[in-house]
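Student: The structure's right below; bear with me while I get my questions together.
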Amino acid sequence: MNKLTLWFHKLGSPEYFYRFAGRWAPWAGWSFALLTVIGLYLGMFKAPPDYQQGESYRIIFIHVPSAWMSMFIYVAMSAAGFVGLVWRIKVAEIMAMASAPIGAAFTLVTLVTGAFWGKPMWGAYWVWDARLTSELILLFIYLGIIGLYQAIEDRRTAARAASLLALVGLVNIPIIHFSVEWWTTLHQGSTVNLMGESSMHPSMLWPLLIMAVATKLYYVMNVLQRARNMILELESNKSWAKTVLQPAEASR
Amino acid sequence: MTPTRKRRLYAALAVTIGVGVAVGLTVMALRDNMLFFFSPTEVHAGEVPEGSNFRLGGMVVDGSVTRTPGSLKVRFDLTDHGQTVPVEYEGILPDLFREGQGIIAMGSLNKDSVFVASEVLAKHDETYMPPEVADALKAVHPEGYNSENYGDDKKDTPDGT
């Protein structure tokens with residue numbers, strides 16, 4: 001076994017993962033805070049106003065990174081859920097379930113900021129076009145996953161059932177992404193393209209990309225913290241967890 | 001991989017791919033019904049049933065906007081650079097409404113083939129740039145810079161860029 005596979009196997013151990021997450025979550029948190037301050041400062045004060053939308057376009061620096069995260073987290077959650085379903089790895093199940101509330105929150109932020117943007121620009125808070133509707137469905141899928149996980153008493157059965165639901169809902173992700181290309185929508189097409197040129201001036205693109213990295217770090221920080229708590233709860237009768245919970249008593 | 005894990009792996013893959021194919025086929029079948037708006041060319045081709053409500057998307061023709069003084073009535077032409085449809089609307093227009101701008105109007109055709117709109121939404125494009133850059137581009141392409149697209153088969157760049 002090479003070093004990477006060995007490390008990966010180690011990460012499957014709840015105790016090792018607990019310590020690993022505890023070490024990295026603060027780093028992710030502080031870099032998130034730093035990048036958000038830089039990104040928002042550049043976006044809100046340094047970036048020039050848009051030639052058509054004026055100052056109102058600045059909501060893009062919140063809206064677009066959140067929208068990306070709503071889909072990114074869903075894919076990450078499904079991948080973890082898939083590993084949990086096939087290999088029955090506790091940590092993978094927990095990572096999937098810890099991701100769901102964060103993804104749901106980003107989806108909600110996307111929908112709300114989009115509505116605030118839509119009113120002045122389009123003339124409506126909400127329209128039932130393919131992009132907006134599929135993003136709303138994403139929120140419902142997230143809520144369904146969270147609800148199913150909470151409805152089942154046994155934590156591990158619950159995680160597996162909810163992971164299966166996550167895999168079923170995975171089909172919505174390409175629909176959200178391609179909705180603006182497949183159908184005529186009120187929502188505009190993609191501005192930032194991974195391959196090829198982005199139709200955005202660099203002075204506006206950089207703050208957006210910084211915010212995209214910042215939101216990812218926020219997710220890392222949040223998911224690791226949540227996973228730590230969930231692991232402690234799940235393993236509370238194991239001796240290592242008792243040592244963590246009551247260090248004084250265990251050493252006595 | 002143990003046989004149990006292999007079985008689970010196939011089951012999980014089957015669920016994911018199965019749902020994907022099922023939804024994919026449904027979406028393909030419903031594709032024409034999920035259009036948010038029709039283009040003026042489609043209206044002229046008679047693809048829209050007469051008297052029914054629908055959304056019309058296009059670009060406001062330069063110099064076509066006329067307002068009735070003392071009221072909120074406005075009249076303009078919508079084009080997709082193939083066909084043009086005249087539109088009547090009474091109400092407050094969104095901030096982005098201007099000549100050369102892509103908009104979507106909700107309403108129906110009357111007997112004189114005029115589209116009477118009950119709601120007008122502005123469609124903004126995916127291009128973001130500072131005003132100075134826009135001015136510089138305008139100087140190079142005097143007919144106006146625009147990268148709107150109306151429907152998948154009619155990607156138009158009016159100035160040929």
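Labeling convention for the structure tokens: chains A, B, ... as they appear, residues from 1 per chain, ligands from 1 in order of appearance.
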If we count only C-alpha atoms, what is near segment 117-134 of chain A at a cut-off of 8 Å, once residues fewer than 5 positions away on the same chain are taken out, given as a count of residues only?
Tutor: 26
Student: Write out as a ChimeraX atom specification which residues come within 8 Å of Ala227 of chain A when counting only C-alpha atoms, dropping same-chain ones fewer than 6 positions away.
Tutor: /A:18,94-95,98
Student: Can you work out which residues from chain B touch chain A at a cut-off of 9 Å (counting only C-alpha atoms) and hand them back as an MDAnalysis selection string?
Tutor: chainID B and resid 4:13 15:21 23:24 31:32 34:38 92:97 103:104 119:135 148:152
Student: Work out how far apart atom CA of Gly114 of chain A and atom CA of Met59 of chain B are and give it in Å to one decimal.
Tutor: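 Computing it gives 23.1 Å between the two atoms.
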Student: Quick one: pull the distance between atom CA of Trp24 of chain A and atom CA of Met221 of chain A, Å, one decimal.
Tutor: 7.7 Å
Student: To one decimal place in Å, what is the distance between atom CA of Thr26 of chain B and atom CA of Gly46 of chain B?
Tutor: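 Taking atom CA of Thr26 of chain B and atom CA of Gly46 of chain B, their separation equals 26.0 Å.
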